[in-house]
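Here's the structure, in structure tokens; my notes come after.
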Amino acid sequence: MADEEKPASSPPPAGEPPKAAAPKPAAAAAGAHVPPKPPPAMAATPWESALTESLKQAFGDRISQYSTYLGQNFIVANAEALDSILDFLKLEADFDYLVDITAVDYPKLEKRFELVYILYSFASNERVRVKIHVADGVKAPSVVHVHLGANWLEREVFDMFGVEFEGHPDMRRILLPEEWTGFPLRKEYSILQQDDRWVKENLGIESGH
Amino acid sequence: MAQSTFLDANELVLNMGPQHPSTHGVLRVILKLDGETVTGTECVIGYLHRGVEKIAENRTYIQFAPYVDRMDYVAAVSNGLGYCLAIEKLLNIEAPPRAQAVRVILTELNRITSHLLWLGTHALDIGAITPVFYCFRDREEALKIFENYCGARLTTHAFRIGGLQYEVYDGFEQEVRAFCDMFIPKVDEYEELLTNNRIWVNRLKGVGVLSGEECKEYGVTGPVLRASGVKWDLRKAQPYSGYEQYDFEIPTAQNGDTYDRYTVRMEEMRQSVRIMRQAVDKIPSGPIMAKMSKVVKPPVGEAYVSIEAPKGELGYYVVSDNSTQPYRVRVRPPSFVNLQALDRMVRGGLIADVVAIIGTLDIVLGEVDR
Amino acid sequence: MVKLLKTIFLWDLLQGLWVTFRNQNPKYICTEQYPSERPKVAERYRGAPRLNINPENGETLCIACNLCALACPENLIVVGSARNEETRRKELSYFTYDTSRCMFCGLCEDACPVDALELTQDFELASYTRDGAIWDRQMLEEGPKPSKYLS
């Protein structure tokens, strides 16, 4: 009956055409998901406000982009300037609540990881996203000394993407076990690859994928 | 001087969990103790990690919707609402007014069920065994409404991107009204049992104090933040799904201790009933699904949408690459971020208070680990 | 003063006990006597799947369009079809539904254009083997047969 189960999980109902359904061997690096084009296609419009003016004055060309998309503002900054930007936003512009830190993996770009810092200001009821780009193997600056809550969030980014943070007090995996290999949310990490390994180790047979 | 033995060591490391009844799931806390005083903690999480964010990248937008229910499984409707709102934002559409009103009713009902489960288990942790029976009995009434509406009690999958899948059933309004009428006296009853109870008060007052500043520092949201005196609720600050039409208060408290978080949540249940009463009186007629193509394929872009879930700010950061599958879905789980403040709250307290503080944070491990 | 008296005479305790006493009233009993009494589930309950057949001639309603299999997030439905040479129409040859992986989200029944696949009100899905959780076409058409309990 186990043979019965396998076709159910992948070949016949192949889902939508552009599906990530395991391109040949799962080891095929770079872009298992096939992103049609890298991010710049987003129809974002420039963002101008009093805040951007003060940021421009303080940081100059260390912030390369001020944009807004669907009414949500974001800036793209140099990785080195990140902690001073967050510090500035916290102290000067009251963005005192770090909502989330996350990352997006674009394997085709040279600096493949886009780290996204979502900030909120209780005083002005406003959100802003700060984005930086880091290459694989390059450490990003930690912002734990600015926002204490960044501690676990950065650990999670490390756990899922393998982006290390410079100056983080406790850079370990958080959700996955210590001995885990690979970083699950990278695009080349296929879920199927993990299933295959499990089947191989625990059942001693090749998986049907 | 006597030879030092291990008996002289004044530090004890104690494992609490992962299988411990009062860690509400599979949370493991490593406690460093000096006598009965906690001098440090470390949370070990991830026992329930299912890789929801990775699953999202391998499913279509519509297919992923049932999975979000399984993160915070006691507040599945809220999770679904947040996800649907995020995708709707990306598609730049809005659910029709009728769908929004039904969404509000169900989410508020869900807030009540979530808080009831919290109240029952939290009281059980402290040692009050009776409330758990009453809470579950009354929660059952709300779950019956869910079951009648969408066919499932817990992992509801009630909403779809763009609106609702199911039209309300006959008698939905009456049942919701009956629940509202039934429920307010019940809240008073729980309060009679607990609010003045001397054991309850002694166990909770002054325990696990977190100031408003500290809350902001850690990113703690939800009732925990409001109990520390910060009057902030996303339903008021950035209204979604038509919350701006309803008249309700944001309950707050000043001390930021465990007792205050209890009073805030009790008051929140009353406010939820108030919202439901207003919403059920004026469910507009009209379509329940926005006009959109059957294949969900948002344009290239990204959006962060957050809602006020029973536990705090639940956010979805979705990146689209104009395919039928999301490029990246990030869930900002309130429990995960709130749990971070545990160390700050228990440090210097007694080991018995750890149980009370974990209970008061109202974490759901399905959401912490995702 | 009142507070002191209340403390001395254990007012808070008596108040709580009065609540529990009030709840002794039989009208608050809500225990369900499962399995001797089968609970009534909602009309829209999403339980065991069923492949509907046309009650008049016993033929399946399924047109083997494969939409349910495409809609399923877990890819647990396998639809097999063959072309009937006489009528030149695609006909269902086999249908497999793995209930062990199913999370009863209802996307398959939403997708079905002819209301052939349906999640019914049966909820007793346990079986003694894993294979028993994989339902074939015959079982889907007949529905589960839960064992009767002695009562």
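Identifiers for the structure tokens are assigned positionally: chains receive A, B, ... in sequence, residues are indexed from 1 per chain, and ligands are indexed from 1 in the order shown.
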
Could you list, as a PDB file with C-alpha atoms, in the first residue's frame, every residue of chain A that has an atom within 7 Å of an atom of chain B, counting only C-alpha atoms?
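Saved result, selection14.pdb, follows:
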ATOM      1  CA  ALA A  20       8.395  23.682  -7.351  1.00  0.00           C
ATOM      2  CA  PRO A  35      11.331  33.126  -9.485  1.00  0.00           C
ATOM      3  CA  ALA A  41       9.684  44.668 -10.853  1.00  0.00           C
ATOM      4  CA  MET A  42       7.661  45.744  -7.831  1.00  0.00           C
ATOM      5  CA  ASP A  96      10.285  52.394  19.417  1.00  0.00           C
ATOM      6  CA  TYR A  97       8.709  49.053  18.644  1.00  0.00           C
ATOM      7  CA  LEU A  98      10.549  46.535  16.521  1.00  0.00           C
ATOM      8  CA  VAL A  99       7.723  44.438  15.151  1.00  0.00           C
ATOM      9  CA  ASP A 100       9.604  41.837  13.254  1.00  0.00           C
ATOM     10  CA  VAL A 104      13.767  36.890   1.974  1.00  0.00           C
ATOM     11  CA  ASN A 125       0.836  55.197  14.489  1.00  0.00           C
ATOM     12  CA  HIS A 147      15.874  46.750  20.488  1.00  0.00           C
ATOM     13  CA  LEU A 148      16.077  43.971  23.064  1.00  0.00           C
ATOM     14  CA  GLY A 149      13.324  42.090  21.300  1.00  0.00           C
ATOM     15  CA  ILE A 174      16.313  28.501  18.028  1.00  0.00           C
ATOM     16  CA  LEU A 175      13.560  26.428  16.465  1.00  0.00           C
ATOM     17  CA  LEU A 176      15.522  23.613  14.917  1.00  0.00           C
ATOM     18  CA  LEU A 185      14.040  28.739   4.201  1.00  0.00           C
TER      19      LEU A 185
END

Can you pull out every residue from stretch 51-118 of chain C that DSSP, working from the backbone, puts in strand (DSSP E or B), and format the result as a ChimeraX atom specification? /C:51,53,60,77-84,89-98,117-118

What does the file look like for those residues with N, CA and C atoms, as a short mmCIF file (atom, residue, chain, number, x, y, z; two decimals), in the first residue's frame?
data_model
loop_
_atom_site.label_atom_id
_atom_site.label_comp_id
_atom_site.auth_asym_id
_atom_site.auth_seq_id
_atom_site.Cartn_x
_atom_site.Cartn_y
_atom_site.Cartn_z
N LEU C 51 -18.05 9.86 -2.18
CA LEU C 51 -18.23 10.11 -3.62
C LEU C 51 -19.70 9.84 -3.91
N ILE C 53 -23.19 9.11 -5.63
CA ILE C 53 -23.64 8.40 -6.83
C ILE C 53 -25.05 8.87 -7.17
N THR C 60 -21.72 6.83 -10.87
CA THR C 60 -21.05 7.89 -10.12
C THR C 60 -21.31 9.24 -10.77
N ILE C 77 -5.40 13.19 -3.03
CA ILE C 77 -6.44 12.59 -3.88
C ILE C 77 -5.80 12.16 -5.20
N VAL C 78 -6.07 10.95 -5.60
CA VAL C 78 -5.60 10.49 -6.91
C VAL C 78 -6.83 10.08 -7.71
N VAL C 79 -7.00 10.72 -8.84
CA VAL C 79 -8.14 10.41 -9.70
C VAL C 79 -7.63 9.71 -10.94
N GLY C 80 -8.17 8.56 -11.19
CA GLY C 80 -7.80 7.84 -12.40
C GLY C 80 -8.95 7.86 -13.38
N SER C 81 -8.64 8.08 -14.65
CA SER C 81 -9.72 8.13 -15.63
C SER C 81 -9.32 7.39 -16.89
N ALA C 82 -10.30 6.91 -17.58
CA ALA C 82 -10.05 6.23 -18.86
C ALA C 82 -11.13 6.66 -19.83
N ARG C 83 -10.77 6.69 -21.11
CA ARG C 83 -11.74 7.11 -22.11
C ARG C 83 -12.61 5.92 -22.51
N ASN C 84 -13.89 6.10 -22.38
CA ASN C 84 -14.80 5.05 -22.80
C ASN C 84 -14.97 5.13 -24.32
N ARG C 89 -16.39 9.39 -23.87
CA ARG C 89 -16.29 10.31 -22.74
C ARG C 89 -15.30 9.79 -21.72
N LYS C 90 -14.74 10.73 -20.98
CA LYS C 90 -13.79 10.34 -19.94
C LYS C 90 -14.58 9.80 -18.76
N GLU C 91 -14.18 8.64 -18.31
CA GLU C 91 -14.91 8.07 -17.18
C GLU C 91 -13.97 7.76 -16.05
N LEU C 92 -14.51 7.80 -14.85
CA LEU C 92 -13.71 7.55 -13.66
C LEU C 92 -13.34 6.08 -13.59
N SER C 93 -12.05 5.80 -13.44
CA SER C 93 -11.68 4.40 -13.30
C SER C 93 -11.33 4.06 -11.85
N TYR C 94 -10.57 4.92 -11.20
CA TYR C 94 -10.35 4.68 -9.77
C TYR C 94 -10.21 6.02 -9.07
N PHE C 95 -10.36 5.99 -7.77
CA PHE C 95 -10.33 7.21 -6.97
C PHE C 95 -9.75 6.83 -5.62
N THR C 96 -8.66 7.45 -5.25
CA THR C 96 -8.05 7.13 -3.96
C THR C 96 -7.99 8.39 -3.10
N TYR C 97 -8.35 8.23 -1.87
CA TYR C 97 -8.41 9.37 -0.95
C TYR C 97 -7.73 8.92 0.34
N ASP C 98 -6.63 9.56 0.67
CA ASP C 98 -5.86 9.15 1.84
C ASP C 98 -6.32 9.96 3.05
N LEU C 117 -17.87 14.93 -4.93
CA LEU C 117 -17.09 14.70 -3.72
C LEU C 117 -17.64 15.58 -2.61
N GLU C 118 -17.83 14.99 -1.47
CA GLU C 118 -18.48 15.72 -0.39
C GLU C 118 -17.89 15.24 0.93
#

If you take only C-alpha atoms and a cut-off of 9 Å, which residues of chain B touch chain C, and what are their nearest atom pairs and distances in Å to one decimal, in chain and number order, as a Markdown table?
| residue | atom | partner | partner_atom | distance |
| --- | --- | --- | --- | --- |
| B:Arg59 | CA | C:Pro73 | CA | 6.7 |
| B:Thr60 | CA | C:Pro73 | CA | 8.1 |
| B:Ile62 | CA | C:Ala71 | CA | 8.4 |
| B:Gln63 | CA | C:Pro73 | CA | 4.9 |
| B:Phe64 | CA | C:Pro73 | CA | 7.0 |
| B:Ala65 | CA | C:Cys105 | CA | 8.9 |
| B:Pro66 | CA | C:Cys105 | CA | 6.0 |
| B:Tyr67 | CA | C:Pro73 | CA | 9.0 |
| B:Thr130 | CA | C:Thr20 | CA | 7.8 |
| B:Tyr134 | CA | C:Asn23 | CA | 8.9 |
| B:Arg137 | CA | C:Cys30 | CA | 7.3 |
| B:Lys144 | CA | C:Ala42 | CA | 8.0 |
| B:Glu147 | CA | C:Ala42 | CA | 6.0 |
| B:Asn148 | CA | C:Ala42 | CA | 5.1 |
| B:Tyr149 | CA | C:Arg44 | CA | 7.2 |
| B:Cys150 | CA | C:Arg44 | CA | 6.2 |
| B:Gly151 | CA | C:Tyr45 | CA | 3.7 |
| B:Ala152 | CA | C:Tyr45 | CA | 6.1 |
| B:Arg153 | CA | C:Tyr45 | CA | 9.0 |
| B:Thr155 | CA | C:Cys105 | CA | 8.3 |
| B:Thr156 | CA | C:Cys105 | CA | 7.8 |
| B:His157 | CA | C:Cys105 | CA | 6.3 |
| B:Gln165 | CA | C:Asp110 | CA | 8.5 |
| B:Glu189 | CA | C:Val19 | CA | 6.8 |
| B:Tyr190 | CA | C:Val19 | CA | 8.6 |
| B:Glu192 | CA | C:Gly16 | CA | 6.1 |
| B:Leu193 | CA | C:Gly16 | CA | 4.4 |
| B:Leu194 | CA | C:Gly16 | CA | 7.5 |
| B:Thr195 | CA | C:Asp12 | CA | 8.8 |
| B:Asn196 | CA | C:Asp12 | CA | 5.8 |
| B:Asn197 | CA | C:Asp12 | CA | 5.2 |
| B:Arg198 | CA | C:Asp12 | CA | 7.0 |

Output of the above residues as a short mmCIF file (atom, residue, chain, number, x, y, z; two decimals), in the first residue's frame, restricted to N, CA and C atoms:
data_model
loop_
_atom_site.label_atom_id
_atom_site.label_comp_id
_atom_site.auth_asym_id
_atom_site.auth_seq_id
_atom_site.Cartn_x
_atom_site.Cartn_y
_atom_site.Cartn_z
N ARG B 59 2.95 25.82 -1.69
CA ARG B 59 1.51 25.70 -1.89
C ARG B 59 1.02 26.94 -2.64
N THR B 60 -0.16 26.82 -3.24
CA THR B 60 -0.73 28.03 -3.80
C THR B 60 -1.31 28.87 -2.66
N ILE B 62 -4.28 29.80 -2.14
CA ILE B 62 -5.52 29.26 -1.57
C ILE B 62 -5.22 28.03 -0.75
N GLN B 63 -4.30 27.21 -1.24
CA GLN B 63 -4.01 25.98 -0.52
C GLN B 63 -3.36 26.22 0.82
N PHE B 64 -2.67 27.34 0.96
CA PHE B 64 -1.97 27.56 2.23
C PHE B 64 -2.94 27.96 3.35
N ALA B 65 -4.11 28.48 2.99
CA ALA B 65 -5.03 29.00 4.01
C ALA B 65 -5.34 28.01 5.13
N PRO B 66 -5.58 26.72 4.87
CA PRO B 66 -5.85 25.84 6.01
C PRO B 66 -4.68 25.69 6.96
N TYR B 67 -3.47 25.90 6.48
CA TYR B 67 -2.31 25.68 7.35
C TYR B 67 -2.19 26.75 8.42
N THR B 130 -12.17 24.70 39.55
CA THR B 130 -13.54 24.85 39.04
C THR B 130 -13.64 25.63 37.73
N TYR B 134 -16.29 25.33 33.85
CA TYR B 134 -17.26 26.33 33.39
C TYR B 134 -16.80 26.96 32.08
N ARG B 137 -17.35 24.58 29.27
CA ARG B 137 -18.77 24.44 28.99
C ARG B 137 -19.27 25.60 28.14
N LYS B 144 -19.89 25.62 18.93
CA LYS B 144 -21.04 25.11 18.16
C LYS B 144 -21.40 26.09 17.05
N GLU B 147 -19.03 25.49 14.36
CA GLU B 147 -19.30 24.23 13.67
C GLU B 147 -20.49 24.38 12.74
N ASN B 148 -21.52 25.07 13.22
CA ASN B 148 -22.67 25.28 12.35
C ASN B 148 -22.33 26.16 11.17
N TYR B 149 -21.42 27.12 11.41
CA TYR B 149 -21.12 28.04 10.32
C TYR B 149 -20.24 27.39 9.26
N CYS B 150 -19.14 26.79 9.68
CA CYS B 150 -18.21 26.33 8.65
C CYS B 150 -17.90 24.85 8.73
N GLY B 151 -18.43 24.16 9.69
CA GLY B 151 -18.25 22.72 9.68
C GLY B 151 -17.08 22.20 10.48
N ALA B 152 -16.34 23.09 11.12
CA ALA B 152 -15.25 22.62 11.96
C ALA B 152 -15.23 23.45 13.23
N ARG B 153 -14.74 22.86 14.29
CA ARG B 153 -14.81 23.55 15.56
C ARG B 153 -13.53 24.30 15.89
N THR B 155 -9.97 24.06 13.94
CA THR B 155 -9.23 24.55 12.78
C THR B 155 -10.26 24.84 11.69
N THR B 156 -10.80 26.05 11.75
CA THR B 156 -12.06 26.31 11.07
C THR B 156 -11.93 26.48 9.56
N HIS B 157 -10.86 27.14 9.13
CA HIS B 157 -10.77 27.48 7.71
C HIS B 157 -12.05 28.18 7.28
N GLN B 165 -16.45 31.75 2.18
CA GLN B 165 -16.91 30.64 1.36
C GLN B 165 -18.36 30.32 1.66
N GLU B 189 -19.79 35.47 36.60
CA GLU B 189 -19.66 34.30 37.44
C GLU B 189 -18.18 33.93 37.64
N TYR B 190 -17.42 33.96 36.53
CA TYR B 190 -15.99 33.66 36.67
C TYR B 190 -15.34 34.68 37.60
N GLU B 192 -16.75 36.27 40.00
CA GLU B 192 -17.14 35.97 41.38
C GLU B 192 -16.24 34.89 41.95
N LEU B 193 -15.91 33.92 41.11
CA LEU B 193 -15.07 32.83 41.57
C LEU B 193 -13.65 33.31 41.86
N LEU B 194 -13.14 34.21 41.03
CA LEU B 194 -11.71 34.46 41.08
C LEU B 194 -11.32 35.84 41.60
N THR B 195 -11.99 36.88 41.12
CA THR B 195 -11.45 38.23 41.31
C THR B 195 -11.12 38.54 42.77
N ASN B 196 -11.99 38.14 43.68
CA ASN B 196 -11.72 38.47 45.08
C ASN B 196 -11.14 37.31 45.86
N ASN B 197 -11.04 36.19 45.21
CA ASN B 197 -10.54 35.01 45.91
C ASN B 197 -9.14 35.28 46.46
N ARG B 198 -8.96 35.02 47.74
CA ARG B 198 -7.71 35.46 48.36
C ARG B 198 -6.50 34.70 47.82
#

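Relative to atom CA of B:Asp343, atom CA of A:Gly167 is found at 20.4 Å.
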
Excluding same-chain residues fewer than 6 positions from stretch 241-255 of chain B, what lies within 8 Å of it counting only C-alpha atoms, as a PDB file with N, CA and C atoms, in the first residue's frame?
ATOM      1  N   ALA B  95     -12.757  42.772   0.970  1.00  0.00           N
ATOM      2  CA  ALA B  95     -13.931  41.914   1.096  1.00  0.00           C
ATOM      3  C   ALA B  95     -15.182  42.776   1.157  1.00  0.00           C
ATOM      4  N   PRO B  97     -18.833  44.316   2.358  1.00  0.00           N
ATOM      5  CA  PRO B  97     -19.227  44.656   3.731  1.00  0.00           C
ATOM      6  C   PRO B  97     -19.871  43.505   4.486  1.00  0.00           C
ATOM      7  N   GLN B 100     -17.246  41.289   5.698  1.00  0.00           N
ATOM      8  CA  GLN B 100     -16.483  41.906   6.786  1.00  0.00           C
ATOM      9  C   GLN B 100     -17.220  41.802   8.110  1.00  0.00           C
ATOM     10  N   ALA B 101     -18.542  42.017   8.071  1.00  0.00           N
ATOM     11  CA  ALA B 101     -19.301  41.952   9.317  1.00  0.00           C
ATOM     12  C   ALA B 101     -19.269  40.541   9.885  1.00  0.00           C
ATOM     13  N   ARG B 103     -17.010  38.343   9.346  1.00  0.00           N
ATOM     14  CA  ARG B 103     -15.636  38.113   9.810  1.00  0.00           C
ATOM     15  C   ARG B 103     -15.439  38.681  11.208  1.00  0.00           C
ATOM     16  N   VAL B 104     -15.950  39.888  11.429  1.00  0.00           N
ATOM     17  CA  VAL B 104     -15.777  40.513  12.740  1.00  0.00           C
ATOM     18  C   VAL B 104     -16.461  39.675  13.814  1.00  0.00           C
ATOM     19  N   GLY B 206       1.315  41.524  41.871  1.00  0.00           N
ATOM     20  CA  GLY B 206       2.738  41.843  41.970  1.00  0.00           C
ATOM     21  C   GLY B 206       3.663  40.799  41.397  1.00  0.00           C
ATOM     22  N   VAL B 209       5.938  41.437  36.979  1.00  0.00           N
ATOM     23  CA  VAL B 209       5.639  42.813  36.567  1.00  0.00           C
ATOM     24  C   VAL B 209       6.458  43.171  35.331  1.00  0.00           C
ATOM     25  N   SER B 211       6.832  46.596  32.856  1.00  0.00           N
ATOM     26  CA  SER B 211       6.379  47.971  32.649  1.00  0.00           C
ATOM     27  C   SER B 211       6.108  48.216  31.168  1.00  0.00           C
ATOM     28  N   ARG B 226      -1.316  45.892  27.165  1.00  0.00           N
ATOM     29  CA  ARG B 226      -2.373  46.763  27.676  1.00  0.00           C
ATOM     30  C   ARG B 226      -2.427  46.736  29.195  1.00  0.00           C
ATOM     31  N   ALA B 227      -2.081  45.603  29.795  1.00  0.00           N
ATOM     32  CA  ALA B 227      -2.078  45.538  31.254  1.00  0.00           C
ATOM     33  C   ALA B 227      -0.982  46.407  31.832  1.00  0.00           C
ATOM     34  N   SER B 228      -0.007  46.771  31.005  1.00  0.00           N
ATOM     35  CA  SER B 228       1.059  47.633  31.496  1.00  0.00           C
ATOM     36  C   SER B 228       0.757  49.093  31.251  1.00  0.00           C
ATOM     37  N   GLY B 229      -0.469  49.405  30.905  1.00  0.00           N
ATOM     38  CA  GLY B 229      -0.871  50.802  30.816  1.00  0.00           C
ATOM     39  C   GLY B 229      -0.731  51.424  29.452  1.00  0.00           C
ATOM     40  N   VAL B 230      -0.361  50.652  28.435  1.00  0.00           N
ATOM     41  CA  VAL B 230      -0.264  51.221  27.088  1.00  0.00           C
ATOM     42  C   VAL B 230      -1.585  50.943  26.379  1.00  0.00           C
ATOM     43  N   LYS B 231      -2.281  52.010  26.056  1.00  0.00           N
ATOM     44  CA  LYS B 231      -3.606  51.838  25.469  1.00  0.00           C
ATOM     45  C   LYS B 231      -3.436  51.680  23.970  1.00  0.00           C
ATOM     46  N   TRP B 232      -3.127  50.500  23.563  1.00  0.00           N
ATOM     47  CA  TRP B 232      -2.848  50.279  22.141  1.00  0.00           C
ATOM     48  C   TRP B 232      -3.484  48.982  21.693  1.00  0.00           C
ATOM     49  N   ASP B 233      -4.322  49.115  20.694  1.00  0.00           N
ATOM     50  CA  ASP B 233      -5.010  47.960  20.148  1.00  0.00           C
ATOM     51  C   ASP B 233      -5.081  48.191  18.644  1.00  0.00           C
ATOM     52  N   ARG B 235      -7.025  47.114  16.557  1.00  0.00           N
ATOM     53  CA  ARG B 235      -8.381  47.313  16.054  1.00  0.00           C
ATOM     54  C   ARG B 235      -8.751  48.786  16.079  1.00  0.00           C
ATOM     55  N   ARG B 261      -3.232  41.547  34.069  1.00  0.00           N
ATOM     56  CA  ARG B 261      -3.459  40.900  32.779  1.00  0.00           C
ATOM     57  C   ARG B 261      -4.730  40.070  32.815  1.00  0.00           C
ATOM     58  N   THR B 263      -7.432  40.870  34.672  1.00  0.00           N
ATOM     59  CA  THR B 263      -8.579  41.778  34.583  1.00  0.00           C
ATOM     60  C   THR B 263      -8.734  42.325  33.168  1.00  0.00           C
ATOM     61  N   VAL B 264      -7.619  42.596  32.505  1.00  0.00           N
ATOM     62  CA  VAL B 264      -7.708  43.118  31.145  1.00  0.00           C
ATOM     63  C   VAL B 264      -8.384  42.104  30.231  1.00  0.00           C
ATOM     64  N   GLU B 267     -12.100  41.892  30.836  1.00  0.00           N
ATOM     65  CA  GLU B 267     -12.813  43.025  30.265  1.00  0.00           C
ATOM     66  C   GLU B 267     -12.859  42.916  28.743  1.00  0.00           C
ATOM     67  N   GLU B 268     -11.791  42.369  28.170  1.00  0.00           N
ATOM     68  CA  GLU B 268     -11.780  42.212  26.710  1.00  0.00           C
ATOM     69  C   GLU B 268     -12.890  41.302  26.237  1.00  0.00           C
ATOM     70  N   GLN B 271     -15.909  43.331  26.051  1.00  0.00           N
ATOM     71  CA  GLN B 271     -15.895  44.219  24.891  1.00  0.00           C
ATOM     72  C   GLN B 271     -16.155  43.439  23.604  1.00  0.00           C
ATOM     73  N   ARG B 274     -19.673  43.103  23.193  1.00  0.00           N
ATOM     74  CA  ARG B 274     -20.229  44.384  22.765  1.00  0.00           C
ATOM     75  C   ARG B 274     -20.074  44.573  21.253  1.00  0.00           C
ATOM     76  N   ILE B 275     -18.907  44.241  20.737  1.00  0.00           N
ATOM     77  CA  ILE B 275     -18.696  44.364  19.294  1.00  0.00           C
ATOM     78  C   ILE B 275     -19.617  43.415  18.542  1.00  0.00           C
ATOM     79  N   GLN B 278     -23.132  44.711  18.267  1.00  0.00           N
ATOM     80  CA  GLN B 278     -23.304  45.750  17.253  1.00  0.00           C
ATOM     81  C   GLN B 278     -23.233  45.171  15.851  1.00  0.00           C
ATOM     82  N   ALA B 279     -22.301  44.232  15.665  1.00  0.00           N
ATOM     83  CA  ALA B 279     -22.095  43.701  14.318  1.00  0.00           C
ATOM     84  C   ALA B 279     -23.284  42.866  13.879  1.00  0.00           C
TER      85      ALA B 279
END

Selection: 10 Å around A:Phe158, only C-alpha atoms, excl. self and same-chain fewer than 3 positions, as a list in words: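 Result of the neighbour search: Thr102, Ala103, Trp152, Leu153, Glu154, Arg155, Phe161, Gly162, Val163, Glu164, Phe165, Met171, Arg172, Arg173, Ile174 and Phe183 of chain A.
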
Between atom CA of B:Ala309 and atom CA of A:Ile101 - distance in Å to one decimal: 19.1 Å

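You will find atom CA of A:Tyr117 at 21.4 Å from atom CA of B:Lys311.
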